[in-house]
Amino acid sequence: MERTMEGMSMGDMHGWLPIRTWRRDGEWRLDWCWFGEQRLTRPFFRDDVDLSLRLPFNQAFRRETTMDALLDWQVASPGVAPGAFIYHASRCGSTLMAQMLAGLERNIVLSEPPPLDNLLRAHFVDPAMQDQQPHWIRALLSAYGQRRLGNEERLLIKLDAWNVFEAPLMHALYPETPRIFLYRDPLEIVVSQLRQPGMHRVPGLLGPSALDFAGMDAQAMAPLEFTCRLIGRILEQGLALCRQLGCVPVNYSELPEALWGRLAPIFHLVDTDAPRLRDIAAFDAKQPAMWFSADSQRKRDEAGEEVRAAVERWARGPYEGLEQLRRLERTLHTNV
């Protein structure tokens with residue numbers, strides 16, 4: 001029989017992580033799951049949640065609380081502060097990067113946790129919670145940053161692609177935390193999204209977000225136009241973040257070597273980490289049991305003239321801007 005536990009003493013919180021944020025009767029609430037010492041190592045946070053929910057304990061007991069429990073837990077046990085934020089344009093190596101970083105036991109790696117996305121976009125459905133939003137986000141990341149094994153040093157967060165629009169809020173909350181923006185040739189992203197649509201690529205599926213097209217009927221757009229406009233907007237925002245907030249632009253073509261190369265200082269990596277990172281990079285990030293196979297050329301060959309023209313119209317400009325900025329930064333770094 002499932003038991004719901006509203007009241008939790010702070011001594012009972014160790015090993016529990018938030019897995020869902022939601023509203024009931026106008027009140028924001030949390031669902032928790034017991035992870036114990038299980039590390040977050042799967043391609044996405046939801047995969048780790050699915051694994052933990054299979055435990056008999058989690059099938060028998062469920063913890064549901066108000067957001068106040070999250071704030072109290074932050075005061076009682078502040079977690080490891082975020083060490084880096086990974087923003088991305090989708091299908092451009094962010095899962096690979098998260099998997100490599102999660103392979104180092106000193107890291108806590110969050111890969112697109114739905115509770116964080118829900119809080120970041122909550123003001124679209126509940127404008128009244130905007131005053132509380134920053135406090136809840138801080139408390140949520142404190143809960144994820146708990147040292148459940150005792151040796152954790154850094155909390156690294158890969159956000160959803162559409163969260164690039166919430167980056168200014170994250171920057172205001174954590175102004176000293178480094179951030180990168182991963183991207184790749186938009187032709188390759190578009191081909192991938194047309195072949196296997198992500199949540200944000202299907203009009204209306206994601207829910208309210210900054211990706212909404214003001215004054216335009218996304219449902220009426222052809223899939224190709226919608227996809228190219230979508231990717232173009234994400235790349236535009238990524239370029240703005242790199243120019244204005246110090247995001248480091250990283251092209252998919254630089255991976256995996258860039259992680260233990262020019263990005264090593266951001267993630268506090270040392271030379272002895274490289275062999276482990278190389279081993280992980282040899283496997284497919286989303287299907288770790290399979291060897292990695294490069295597919296950039298295959299995606300480009302698959303694109304017809306109509307796709308190429310649409311990408312040039314709606315997404316090529318910001319990509320070229322990112323490339324110019326990346327080359328400039330690398331030149332400056334080389335000359336230092």
# chains A, B, ... in the order shown; residues from 1 in each chain; ligands from 1
>>> residues_around(residues="Leu149 (chain A)", least_positions_apart="2", cutoff="12 Å", atoms="only C-alpha atoms", output="short mmCIF file (atom, residue, chain, number, x, y, z; two decimals) with C-alpha atoms, in the first residue's frame")
data_model
loop_
_atom_site.label_atom_id
_atom_site.label_comp_id
_atom_site.auth_asym_id
_atom_site.auth_seq_id
_atom_site.Cartn_x
_atom_site.Cartn_y
_atom_site.Cartn_z
CA HIS A 14 19.20 12.09 3.40
CA GLY A 15 19.10 10.05 0.20
CA PHE A 35 17.93 7.24 -4.24
CA GLY A 36 20.12 6.32 -1.28
CA GLU A 37 23.68 6.26 -2.60
CA GLN A 38 22.70 5.58 -6.21
CA ARG A 39 24.64 7.98 -8.42
CA LEU A 40 23.04 9.83 -11.33
CA GLU A 105 32.65 9.98 -9.17
CA ARG A 106 33.44 13.40 -7.71
CA ASN A 107 30.78 14.97 -9.95
CA ILE A 108 27.03 15.16 -9.45
CA GLY A 145 23.72 18.99 -4.61
CA GLN A 146 23.58 16.89 -1.43
CA ARG A 147 26.67 14.77 -0.75
CA ASN A 151 32.99 12.56 -1.86
CA GLU A 152 31.04 14.80 -4.24
CA GLU A 153 32.81 18.03 -5.16
#
>>> select_by_dssp(residues="region 205-315 of chain A", states="strand (DSSP E)", output="MDAnalysis selection string")
chainID A and resid 248:251
>>> atom_distance(atom1="CA of Met97 (chain A)", atom2="CA of Pro43 (chain A)")
10.0 Å
>>> atom_distance(atom1="CA of Ala172 (chain A)", atom2="CA of Pro208 (chain A)")
22.1 Å
>>> atom_distance(atom1="CA of Phe44 (chain A)", atom2="CA of Leu141 (chain A)")
16.3 Å
>>> residues_around(residues="Pro18 (chain A)", least_positions_apart="4", cutoff="9 Å", atoms="only C-alpha atoms", output="CSV table (one decimal) with N, CA and C atoms, in the first residue's frame")
chain,number,residue,atom,x,y,z
A,30,LEU,N,5.9,19.1,-4.3
A,30,LEU,CA,7.0,18.2,-4.7
A,30,LEU,C,6.7,16.8,-4.5
A,31,ASP,N,7.1,15.9,-5.4
A,31,ASP,CA,7.3,14.5,-5.2
A,31,ASP,C,8.7,14.2,-5.0
A,32,TRP,N,9.0,13.3,-4.1
A,32,TRP,CA,10.4,12.9,-3.8
A,32,TRP,C,10.5,11.4,-4.0
A,33,CYS,N,11.8,11.0,-4.3
A,33,CYS,CA,12.1,9.5,-4.5
A,33,CYS,C,13.4,9.2,-3.7
A,34,TRP,N,13.4,8.1,-3.1
A,34,TRP,CA,14.6,7.7,-2.4
A,34,TRP,C,15.7,7.1,-3.3
A,70,LEU,N,11.3,21.9,0.9
A,70,LEU,CA,12.5,22.1,0.1
A,70,LEU,C,13.4,23.2,0.7
A,115,PRO,N,12.0,18.6,-12.9
A,115,PRO,CA,11.6,19.5,-11.9
A,115,PRO,C,12.2,20.9,-12.0
A,140,LEU,N,16.0,23.9,-4.8
A,140,LEU,CA,15.9,22.7,-5.6
A,140,LEU,C,17.4,22.2,-5.9
A,143,ALA,N,19.1,20.8,-3.0
A,143,ALA,CA,18.7,19.4,-2.7
A,143,ALA,C,19.4,18.4,-3.7
A,144,TYR,N,19.6,18.8,-4.9
A,144,TYR,CA,20.3,17.9,-5.9
A,144,TYR,C,21.8,17.9,-5.5
>>> select_by_dssp(residues="region 95-290 of chain A", states="alpha helix (DSSP H)", output="MDAnalysis selection string")
chainID A and resid 95:102 114:120 133:144 167:173 186:195 223:244 257:260 264:267 274:281
>>> closest_residue(among="A:Arg262, A:Trp136, A:Ala285, A:Ile280", to="Ser94 (chain A)", atoms="only C-alpha atoms")
A:Ala285
